[in-house]
Each structure stands twice: as C-alpha cells, then as structure tokens.
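Next comes model_20.cif, a file with mmCIF, C-alpha atoms (C1' of nucleotides).
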data_work
#
loop_
_atom_site.group_PDB
_atom_site.id
_atom_site.type_symbol
_atom_site.label_atom_id
_atom_site.label_comp_id
_atom_site.auth_asym_id
_atom_site.auth_seq_id
_atom_site.Cartn_x
_atom_site.Cartn_y
_atom_site.Cartn_z
ATOM 1 C CA MET A 1 0.000 0.000 0.000
ATOM 2 C CA GLY A 2 1.185 3.520 -0.717
ATOM 3 C CA ALA A 3 2.993 2.961 -3.990
ATOM 4 C CA THR A 4 1.556 4.255 -7.249
ATOM 5 C CA LYS A 5 -0.005 1.421 -9.234
ATOM 6 C CA THR A 6 1.639 1.819 -12.606
ATOM 7 C CA ASP A 7 1.300 -1.816 -13.609
ATOM 8 C CA VAL A 8 -2.462 -1.606 -13.982
ATOM 9 C CA PHE A 9 -2.283 1.170 -16.580
ATOM 10 C CA ASP A 10 -0.995 0.991 -20.112
ATOM 11 C CA ASP A 11 2.254 2.469 -21.358
ATOM 12 C CA ARG A 12 0.894 5.630 -22.890
ATOM 13 C CA VAL A 13 -1.016 6.516 -19.749
ATOM 14 C CA ASN A 14 2.050 5.925 -17.615
ATOM 15 C CA ARG A 15 4.256 7.881 -19.961
ATOM 16 C CA LEU A 16 1.937 10.900 -20.041
ATOM 17 C CA ALA A 17 1.654 10.829 -16.269
ATOM 18 C CA SER A 18 5.405 10.611 -15.917
ATOM 19 C CA VAL A 19 6.010 13.663 -18.102
ATOM 20 C CA ALA A 20 3.266 15.660 -16.400
ATOM 21 C CA LYS A 21 4.635 14.693 -13.022
ATOM 22 C CA ALA A 22 8.050 16.020 -13.976
ATOM 23 C CA MET A 23 6.433 19.352 -14.779
ATOM 24 C CA GLY A 24 4.456 19.231 -11.565
ATOM 25 C CA HIS A 25 6.857 21.147 -9.380
ATOM 26 C CA PRO A 26 7.370 24.915 -9.271
ATOM 27 C CA ALA A 27 11.149 24.627 -9.263
ATOM 28 C CA ARG A 28 11.019 22.540 -12.412
ATOM 29 C CA ILE A 29 8.623 24.920 -14.154
ATOM 30 C CA ALA A 30 10.969 27.744 -13.203
ATOM 31 C CA ILE A 31 13.936 25.814 -14.599
ATOM 32 C CA LEU A 32 12.137 25.107 -17.873
ATOM 33 C CA THR A 33 11.200 28.764 -18.187
ATOM 34 C CA GLN A 34 14.746 29.890 -17.536
ATOM 35 C CA ILE A 35 16.104 27.510 -20.120
ATOM 36 C CA MET A 36 13.477 28.662 -22.582
ATOM 37 C CA THR A 37 14.246 32.324 -22.225
ATOM 38 C CA GLN A 38 17.895 31.358 -22.244
ATOM 39 C CA LYS A 39 18.477 33.445 -19.210
ATOM 40 C CA SER A 40 20.446 30.483 -18.106
ATOM 41 C CA CYS A 41 20.836 27.185 -19.822
ATOM 42 C CA ILE A 42 24.011 26.706 -17.867
ATOM 43 C CA ASN A 43 23.559 24.803 -14.660
ATOM 44 C CA LYS A 44 25.681 27.226 -12.657
ATOM 45 C CA ASP A 45 23.506 30.146 -13.713
ATOM 46 C CA LEU A 46 20.371 28.285 -12.673
ATOM 47 C CA VAL A 47 21.890 27.756 -9.260
ATOM 48 C CA GLU A 48 22.498 31.486 -9.031
ATOM 49 C CA GLU A 49 19.083 32.491 -10.340
ATOM 50 C CA LEU A 50 16.907 30.147 -8.344
ATOM 51 C CA PRO A 51 16.437 30.301 -4.582
ATOM 52 C CA LEU A 52 17.369 26.686 -4.025
ATOM 53 C CA ALA A 53 20.544 24.929 -3.040
ATOM 54 C CA GLN A 54 22.778 23.434 -5.696
ATOM 55 C CA PRO A 55 22.066 19.782 -4.856
ATOM 56 C CA THR A 56 18.345 20.492 -5.009
ATOM 57 C CA ILE A 57 18.594 22.002 -8.468
ATOM 58 C CA SER A 58 20.792 19.180 -9.623
ATOM 59 C CA GLN A 59 18.114 16.773 -8.460
ATOM 60 C CA HIS A 60 15.362 18.643 -10.326
ATOM 61 C CA LEU A 61 17.455 18.742 -13.485
ATOM 62 C CA LYS A 62 17.895 15.004 -13.235
ATOM 63 C CA GLU A 63 14.156 14.504 -12.982
ATOM 64 C CA LEU A 64 13.517 16.736 -15.998
ATOM 65 C CA LYS A 65 16.112 14.813 -17.953
ATOM 66 C CA ARG A 66 14.646 11.496 -16.904
ATOM 67 C CA ALA A 67 11.243 12.581 -18.160
ATOM 68 C CA GLY A 68 12.723 13.669 -21.463
ATOM 69 C CA LEU A 69 11.897 17.333 -21.040
ATOM 70 C CA ILE A 70 15.439 18.600 -21.263
ATOM 71 C CA ALA A 71 18.675 17.352 -22.733
ATOM 72 C CA GLY A 72 22.096 18.184 -21.402
ATOM 73 C CA SER A 73 25.403 18.529 -23.123
ATOM 74 C CA ILE A 74 28.821 19.422 -21.864
ATOM 75 C CA ASP A 75 30.136 22.791 -22.975
ATOM 76 C CA GLU A 76 33.716 23.264 -21.821
ATOM 77 C CA ASN A 77 33.505 22.282 -18.191
ATOM 78 C CA ARG A 78 29.879 23.413 -17.890
ATOM 79 C CA MET A 79 26.626 21.569 -18.232
ATOM 80 C CA CYS A 80 24.357 23.169 -20.750
ATOM 81 C CA TYR A 81 20.721 22.165 -20.856
ATOM 82 C CA CYS A 82 18.225 22.707 -23.619
ATOM 83 C CA ILE A 83 14.531 21.994 -24.017
ATOM 84 C CA ASP A 84 13.720 18.570 -25.436
ATOM 85 C CA ARG A 85 10.586 19.050 -27.484
ATOM 86 C CA ASP A 86 9.406 15.461 -27.789
ATOM 87 C CA GLY A 87 8.085 14.992 -24.288
ATOM 88 C CA LEU A 88 6.458 18.399 -24.402
ATOM 89 C CA LYS A 89 4.749 17.669 -27.690
ATOM 90 C CA GLU A 90 3.296 14.540 -26.226
ATOM 91 C CA ILE A 91 1.491 16.211 -23.331
ATOM 92 C CA MET A 92 0.588 19.177 -25.471
ATOM 93 C CA GLN A 93 -1.130 16.906 -27.931
ATOM 94 C CA TYR A 94 -2.856 15.060 -25.154
ATOM 95 C CA CYS A 95 -4.175 18.309 -23.681
ATOM 96 C CA GLN A 96 -5.347 19.348 -27.105
ATOM 97 C CA GLU A 97 -7.079 16.028 -27.505
ATOM 98 C CA LEU A 98 -8.820 16.462 -24.159
ATOM 99 C CA ILE A 99 -9.949 19.932 -25.136
ATOM 100 C CA ALA A 100 -11.076 19.021 -28.626
ATOM 101 C CA GLU A 101 -12.547 15.571 -28.143
ATOM 102 C CA SER A 102 -14.365 15.879 -24.877
ATOM 103 C CA PRO A 103 -18.036 16.771 -25.052
ATOM 104 C CA ALA A 104 -18.982 20.354 -24.376
ATOM 105 C CA ASP A 105 -20.115 21.196 -20.876
ATOM 106 C CA ASP A 106 -23.758 21.438 -21.841
ATOM 107 C CA GLN A 107 -23.694 18.112 -23.628
ATOM 108 C CA CYS A 108 -22.483 16.146 -20.644
ATOM 109 C CA CYS A 109 -25.291 14.984 -18.330
ATOM 110 C CA MET B 1 12.831 20.491 5.222
ATOM 111 C CA GLY B 2 10.872 18.232 2.921
ATOM 112 C CA ALA B 3 8.041 20.554 1.969
ATOM 113 C CA THR B 4 7.815 22.019 -1.508
ATOM 114 C CA LYS B 5 8.915 25.653 -1.490
ATOM 115 C CA THR B 6 6.009 27.377 -3.205
ATOM 116 C CA ASP B 7 6.514 30.744 -1.548
ATOM 117 C CA VAL B 8 9.729 31.458 -3.421
ATOM 118 C CA PHE B 9 8.081 31.140 -6.832
ATOM 119 C CA ASP B 10 5.552 33.419 -8.434
ATOM 120 C CA ASP B 11 1.869 32.644 -8.894
ATOM 121 C CA ARG B 12 1.943 31.606 -12.506
ATOM 122 C CA VAL B 13 4.782 29.168 -11.890
ATOM 123 C CA ASN B 14 2.974 27.669 -8.926
ATOM 124 C CA ARG B 15 -0.282 27.450 -10.814
ATOM 125 C CA LEU B 16 1.277 25.691 -13.810
ATOM 126 C CA ALA B 17 3.054 23.271 -11.513
ATOM 127 C CA SER B 18 -0.137 22.572 -9.650
ATOM 128 C CA VAL B 19 -2.068 21.718 -12.803
ATOM 129 C CA ALA B 20 0.757 19.589 -14.178
ATOM 130 C CA LYS B 21 1.044 17.809 -10.874
ATOM 131 C CA ALA B 22 -2.632 16.919 -10.970
ATOM 132 C CA MET B 23 -2.047 15.295 -14.349
ATOM 133 C CA GLY B 24 1.036 13.556 -13.047
ATOM 134 C CA HIS B 25 -0.560 10.315 -11.981
ATOM 135 C CA PRO B 26 -1.599 7.429 -14.232
ATOM 136 C CA ALA B 27 -4.952 7.014 -12.521
ATOM 137 C CA ARG B 28 -5.769 10.639 -13.157
ATOM 138 C CA ILE B 29 -4.682 10.484 -16.798
ATOM 139 C CA ALA B 30 -6.882 7.405 -17.142
ATOM 140 C CA ILE B 31 -9.798 9.249 -15.544
ATOM 141 C CA LEU B 32 -9.368 12.248 -17.837
ATOM 142 C CA THR B 33 -9.250 9.968 -20.856
ATOM 143 C CA GLN B 34 -12.377 8.108 -19.786
ATOM 144 C CA ILE B 35 -14.238 11.355 -19.280
ATOM 145 C CA MET B 36 -13.048 12.597 -22.643
ATOM 146 C CA THR B 37 -14.186 9.570 -24.556
ATOM 147 C CA GLN B 38 -17.320 9.695 -22.454
ATOM 148 C CA LYS B 39 -16.965 6.035 -21.719
ATOM 149 C CA SER B 40 -17.825 7.128 -18.263
ATOM 150 C CA CYS B 41 -18.337 10.602 -16.990
ATOM 151 C CA ILE B 42 -20.348 9.092 -14.182
ATOM 152 C CA ASN B 43 -18.350 8.426 -11.069
ATOM 153 C CA LYS B 44 -19.838 4.972 -10.585
ATOM 154 C CA ASP B 45 -18.774 3.932 -14.075
ATOM 155 C CA LEU B 46 -15.248 5.113 -13.418
ATOM 156 C CA VAL B 47 -15.157 2.963 -10.325
ATOM 157 C CA GLU B 48 -16.212 -0.007 -12.421
ATOM 158 C CA GLU B 49 -13.828 0.712 -15.275
ATOM 159 C CA LEU B 50 -10.683 1.451 -13.342
ATOM 160 C CA PRO B 51 -8.764 -1.099 -11.262
ATOM 161 C CA LEU B 52 -8.789 0.993 -8.140
ATOM 162 C CA ALA B 53 -10.969 1.075 -5.055
ATOM 163 C CA GLN B 54 -13.808 3.569 -4.828
ATOM 164 C CA PRO B 55 -12.229 5.771 -2.152
ATOM 165 C CA THR B 56 -9.054 5.979 -4.210
ATOM 166 C CA ILE B 57 -10.922 7.148 -7.287
ATOM 167 C CA SER B 58 -12.906 9.616 -5.239
ATOM 168 C CA GLN B 59 -9.638 11.018 -3.971
ATOM 169 C CA HIS B 60 -8.206 11.367 -7.477
ATOM 170 C CA LEU B 61 -11.369 13.065 -8.697
ATOM 171 C CA LYS B 62 -11.067 15.530 -5.876
ATOM 172 C CA GLU B 63 -7.515 16.328 -6.883
ATOM 173 C CA LEU B 64 -8.501 16.843 -10.521
ATOM 174 C CA LYS B 65 -11.310 19.114 -9.428
ATOM 175 C CA ARG B 66 -9.020 21.057 -7.128
ATOM 176 C CA ALA B 67 -6.631 21.677 -10.008
ATOM 177 C CA GLY B 68 -9.472 22.849 -12.227
ATOM 178 C CA LEU B 69 -9.154 20.036 -14.731
ATOM 179 C CA ILE B 70 -12.648 18.679 -14.287
ATOM 180 C CA ALA B 71 -15.958 20.033 -13.087
ATOM 181 C CA GLY B 72 -18.639 17.977 -11.430
ATOM 182 C CA SER B 73 -22.371 18.317 -11.414
ATOM 183 C CA ILE B 74 -25.101 16.252 -9.855
ATOM 184 C CA ASP B 75 -27.264 14.352 -12.275
ATOM 185 C CA GLU B 76 -30.118 12.649 -10.463
ATOM 186 C CA ASN B 77 -28.305 11.040 -7.583
ATOM 187 C CA ARG B 78 -25.101 10.556 -9.596
ATOM 188 C CA MET B 79 -21.998 12.632 -9.909
ATOM 189 C CA CYS B 80 -21.221 13.551 -13.463
ATOM 190 C CA TYR B 81 -17.816 14.953 -14.320
ATOM 191 C CA CYS B 82 -16.756 16.818 -17.406
ATOM 192 C CA ILE B 83 -13.484 18.219 -18.659
ATOM 193 C CA ASP B 84 -12.770 21.778 -17.589
ATOM 194 C CA ARG B 85 -10.832 23.322 -20.449
ATOM 195 C CA ASP B 86 -9.317 26.328 -18.715
ATOM 196 C CA GLY B 87 -6.634 24.544 -16.734
ATOM 197 C CA LEU B 88 -5.771 22.416 -19.730
ATOM 198 C CA LYS B 89 -5.430 25.417 -21.996
ATOM 199 C CA GLU B 90 -3.011 26.964 -19.575
ATOM 200 C CA ILE B 91 -0.512 24.101 -19.588
ATOM 201 C CA MET B 92 -1.034 23.533 -23.272
ATOM 202 C CA GLN B 93 -0.099 27.112 -23.996
ATOM 203 C CA TYR B 94 2.875 26.872 -21.713
ATOM 204 C CA CYS B 95 4.109 23.744 -23.500
ATOM 205 C CA GLN B 96 3.632 25.483 -26.811
ATOM 206 C CA GLU B 97 5.573 28.448 -25.532
ATOM 207 C CA LEU B 98 8.419 26.195 -24.431
ATOM 208 C CA ILE B 99 8.473 24.507 -27.804
ATOM 209 C CA ALA B 100 8.239 27.683 -29.832
ATOM 210 C CA GLU B 101 10.321 30.108 -27.818
ATOM 211 C CA SER B 102 13.221 27.986 -26.702
ATOM 212 C CA PRO B 103 16.299 28.051 -28.891
ATOM 213 C CA ALA B 104 16.839 25.161 -31.248
ATOM 214 C CA ASP B 105 19.113 22.396 -30.058
ATOM 215 C CA ASP B 106 21.969 23.462 -32.294
ATOM 216 C CA GLN B 107 21.750 27.061 -31.163
ATOM 217 C CA CYS B 108 22.196 26.281 -27.515
ATOM 218 C CA CYS B 109 25.845 26.021 -26.441
ATOM 219 C "C1'" DA C 1 -39.014 3.635 8.635
ATOM 220 C "C1'" DA C 2 -35.609 0.256 6.696
ATOM 221 C "C1'" DG C 3 -32.741 -0.807 3.092
ATOM 222 C "C1'" DC C 4 -30.084 0.242 -0.766
ATOM 223 C "C1'" DA C 5 -27.105 2.832 -4.004
ATOM 224 C "C1'" DA C 6 -23.707 6.326 -4.996
ATOM 225 C "C1'" DT C 7 -20.315 9.141 -3.245
ATOM 226 C "C1'" DA C 8 -17.385 11.431 0.206
ATOM 227 C "C1'" DT C 9 -14.527 11.499 4.227
ATOM 228 C "C1'" DC C 10 -11.560 9.573 7.997
ATOM 229 C "C1'" DG C 11 -7.699 7.161 9.574
ATOM 230 C "C1'" DT C 12 -3.631 4.999 8.677
ATOM 231 C "C1'" DA C 13 0.163 2.136 6.769
ATOM 232 C "C1'" DA C 14 3.315 2.031 2.960
ATOM 233 C "C1'" DT C 15 5.851 4.583 -0.056
ATOM 234 C "C1'" DA C 16 7.635 8.714 -2.503
ATOM 235 C "C1'" DT C 17 9.301 13.385 -2.778
ATOM 236 C "C1'" DT C 18 11.728 17.475 -1.288
ATOM 237 C "C1'" DG C 19 15.530 19.987 0.366
ATOM 238 C "C1'" DC C 20 20.032 20.298 1.757
ATOM 239 C "C1'" DG C 21 24.612 19.485 4.190
ATOM 240 C "C1'" DA C 22 28.384 16.695 3.419
ATOM 241 C "C1'" DT C 23 31.027 14.604 0.242
ATOM 242 C "C1'" DA C 24 32.587 12.755 -4.214
ATOM 243 C "C1'" DT C 25 34.158 13.592 -9.016
ATOM 244 C "C1'" DA C 26 36.285 15.691 -12.796
ATOM 245 C "C1'" DA C 27 38.245 19.227 -15.382
ATOM 246 C "C1'" DA C 28 40.716 23.713 -15.491
ATOM 247 C "C1'" DT C 29 44.040 26.548 -13.571
ATOM 248 C "C1'" DA C 30 47.503 28.395 -10.606
ATOM 249 C "C1'" DT D 1 50.675 19.045 -7.605
ATOM 250 C "C1'" DA D 2 47.405 21.838 -4.948
ATOM 251 C "C1'" DT D 3 43.464 24.667 -5.611
ATOM 252 C "C1'" DT D 4 39.528 26.147 -7.522
ATOM 253 C "C1'" DT D 5 35.203 25.529 -10.212
ATOM 254 C "C1'" DA D 6 31.180 23.112 -11.716
ATOM 255 C "C1'" DT D 7 28.350 19.366 -11.067
ATOM 256 C "C1'" DA D 8 26.686 14.944 -9.204
ATOM 257 C "C1'" DT D 9 25.657 11.754 -5.566
ATOM 258 C "C1'" DC D 10 24.793 10.162 -0.704
ATOM 259 C "C1'" DG D 11 22.279 10.183 3.391
ATOM 260 C "C1'" DC D 12 18.780 11.713 6.016
ATOM 261 C "C1'" DA D 13 14.984 14.341 8.206
ATOM 262 C "C1'" DA D 14 10.646 16.529 7.128
ATOM 263 C "C1'" DT D 15 6.778 16.297 4.516
ATOM 264 C "C1'" DA D 16 3.529 14.641 0.939
ATOM 265 C "C1'" DT D 17 1.147 11.152 -1.683
ATOM 266 C "C1'" DT D 18 -1.130 6.805 -2.500
ATOM 267 C "C1'" DA D 19 -4.262 3.186 -1.612
ATOM 268 C "C1'" DC D 20 -7.903 1.380 0.815
ATOM 269 C "C1'" DG D 21 -10.935 -0.461 4.746
ATOM 270 C "C1'" DA D 22 -14.195 1.457 7.651
ATOM 271 C "C1'" DT D 23 -17.493 4.655 8.125
ATOM 272 C "C1'" DA D 24 -20.313 8.729 7.189
ATOM 273 C "C1'" DT D 25 -23.733 11.034 4.173
ATOM 274 C "C1'" DT D 26 -27.415 11.815 1.048
ATOM 275 C "C1'" DG D 27 -31.141 10.646 -1.701
ATOM 276 C "C1'" DC D 28 -33.927 7.042 -3.590
ATOM 277 C "C1'" DT D 29 -36.985 2.974 -3.188
ATOM 278 C "C1'" DT D 30 -39.571 -0.300 -1.051
#
Mind turning this structure into structure tokens?
Amino acid sequence: MGATKTDVFDDRVNRLASVAKAMGHPARIAILTQIMTQKSCINKDLVEELPLAQPTISQHLKELKRAGLIAGSIDENRMCYCIDRDGLKEIMQYCQELIAESPADDQCC
Amino acid sequence: MGATKTDVFDDRVNRLASVAKAMGHPARIAILTQIMTQKSCINKDLVEELPLAQPTISQHLKELKRAGLIAGSIDENRMCYCIDRDGLKEIMQYCQELIAESPADDQCC
DNA sequence: AAGCAATATCGTAATATTGCGATATAAATA
DNA sequence: TATTTATATCGCAATATTACGATATTGCTT
C-alpha cells in the first residue's frame, strides 16, 4: 500500500503521467522557463538564479532529464541544458485532444 | 525540510506546476481519458472501469477538481464529471511556448 | 421507517518526494 | 601538484502522496 499502481495502466497513460509529473513542481517549471528564455541554460547560472541549493537544483534537473523534457550537453567544463521538445509535444497533444474531443459542458449529463 | 517551497516562486509558476502535478498520476490520466471519450463521466462507471478502489478514485477526482481540470455536477443522484478546459489550456499554452520560444538544439551552447 | 445505491470522508500504513549538508568527481588553472 | 570551479551523488529528516478499509452522508426505493 502507498505505492503508485503503474502496472495496472498501459504504457501511454504511464508515460503521459510521468512527463506531467516532472512538470508538476514549481522549481522545475521555473527551470524550464529559464532555459526557454535562455536566461540560463548553464547549470551554474540556474543555481544562481533560483532560490534553491545546488544539490536540489541538480536533483530537479535530473528529474527533468529522466522525463525527457530537457537534454544536457557538456560545454567546456559546464553543463548546458536545452529543451527537449518530444516529451512536451506529447502532453501538449494530449491536452489538445482532451480539449477538442471531450463533449462540451452542456452536452455532458 | 521536505516541503515544496512554493513561496519562493511566483503565482503563474505555482499554478502551472499545480495543474501539471494533478495530471502527473496514471490514474488521473486514465480518468481524464475516460471522461473525454465519455466512456464514463459518471463516477460509478469510473469505479467499475478502473482497477482501483472507490475511495481511491474519489480522492483522485477531488484532486482533478481542485486543479481545475474537471468540473462535477449532480445528475439525479449521480456525480457527473466533465473536462474543464481552462486549466488544460493553460498548460497547453505553456508547452507550446516552451516549444516555440526555446532556442533550437543546435543554437544552444 | 428500513434498506439500498452512490459518493465522500476519515484514519492509517506504505511509499515517494523534497531539500540540503556533506562529500565525491572531474576538469581547469595556478 | 594543490586549488579552484562546476556538477553529481549520498544520506537523512521533514513532509507529501497513494491506496484502501471502515465509516459517514445523502437521496432514492420499497
């Protein structure tokens, strides 16, 4: 008891949930936004910009990477992260599907 | 220590994270999908369709409602849920922004 | 009124996440 | 080689989430 039951859901459902979950933390939204605006795609800069300790940010970056939302490459002794569009496209499309395919409010019940 | 630091991030960031977090569980993705396809917008049907106990589903529905992803109305002794598009539009737009505004992979570092 | 059906809430055990100090690692530089 | 710089990992305490049995609650139906 207590553990999320992933085995009873199919792969797509689990994958969507996993990506959404990675976005489901303010620090990680803030990191994504920073990388987007290129204020800081360098790890060090993120640590300076965000009000969190370095190990905490490192941990959040790892989670974003795991979910396929960012990709990291080494740029002369620094880690440089960039947005990975694939994961994002997946949830975006799912949201769009929910919006477009679900019955209008007045048609449901 | 241990609690998510929401106070150090601004409202929009917290709001986006909160919506994404609500989507970040396979059961809740499954519920959203069921409501969308209208296989079951009725709570009871969800309980029958999904491999989770009734209190668990009730709890997940509450979370989805809290995040503004679904809205519930009473339909002769039954709870009927429908997709609430506003929360979805918000993350969708944010994803789109991330995809469109972030520099291309080859332009970063 | 008694029973039933649908849903919500309570309480709690199991598990997961968050945040960070301490510490490792690895590359650049003095 | 010693130091500094940038990042990752470990370990742990605090907190949050998940799942569900037991138990309300509310509105039929008999």
Could you list, with a cut-off of 10 Å and counting all atoms listed in the file, the residues of chain A near chain D, each shown with its nearest atom pair and the distance in Å rounded to one decimal, rows sorted by chain and ascending number, as a Markdown table?
| residue | atom | partner | partner_atom | distance |
| --- | --- | --- | --- | --- |
| A:Met1 | CA | D:DA19 | C1' | 5.6 |
| A:Gly2 | CA | D:DT18 | C1' | 4.4 |
| A:Ala3 | CA | D:DT18 | C1' | 5.8 |
| A:Thr4 | CA | D:DT18 | C1' | 6.0 |
| A:Lys5 | CA | D:DT18 | C1' | 8.7 |
| A:Asn43 | CA | D:DT7 | C1' | 8.1 |
| A:Lys44 | CA | D:DA6 | C1' | 6.9 |
| A:Gln54 | CA | D:DT7 | C1' | 8.7 |
| A:Pro55 | CA | D:DA8 | C1' | 8.0 |
| A:Ser58 | CA | D:DA8 | C1' | 7.3 |
| A:Gln59 | CA | D:DA8 | C1' | 8.8 |
| A:Lys62 | CA | D:DA8 | C1' | 9.7 |
| A:Asn77 | CA | D:DA6 | C1' | 6.9 |
| A:Arg78 | CA | D:DA6 | C1' | 6.3 |
| A:Met79 | CA | D:DT7 | C1' | 7.7 |
Residues of chain A within 7 Å of chain B, counting all atoms listed in the file, as a ChimeraX atom specification: /A:6,8-9,13-14,17-18,20-21,23-26,29-30,36-37,51,75,80,82-83,85,88,92,95,98-99,101-103,105,108-109
Evaluate the PyMOL selection byres ((chain C) within 12 of (chain B)) and report residues as a VMD selection string: chain C and resid 5 to 10 16 to 21
Grab the residues selected above and save them as a compact mmCIF listing (two decimals), in the coordinates of the input with C-alpha atoms (C1' of nucleotides).
# COMPACT_ATOMS: atom_id res chain seq x y z
C1' DA C 5 -27.10 2.83 -4.00
C1' DA C 6 -23.71 6.33 -5.00
C1' DT C 7 -20.32 9.14 -3.24
C1' DA C 8 -17.39 11.43 0.21
C1' DT C 9 -14.53 11.50 4.23
C1' DC C 10 -11.56 9.57 8.00
C1' DA C 16 7.64 8.71 -2.50
C1' DT C 17 9.30 13.38 -2.78
C1' DT C 18 11.73 17.48 -1.29
C1' DG C 19 15.53 19.99 0.37
C1' DC C 20 20.03 20.30 1.76
C1' DG C 21 24.61 19.48 4.19
Length of the atom CA of Ile57 of chain A to atom CA of Ile31 of chain A vector [Å]: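 Between atom CA of Ile57 of chain A and atom CA of Ile31 of chain A the gap is 8.6 Å.
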Distance of atom CA of Glu49 of chain B from atom CA of Arg66 of chain B, expressed in Å to one decimal place: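 So the answer is 22.4 Å.
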Between atom CA of Lys65 of chain A and atom CA of Leu64 of chain B - distance in Å to one decimal: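 Computing the Euclidean distance for atom CA of Leu64 of chain B and atom CA of Lys65 of chain A yields 25.8 Å.
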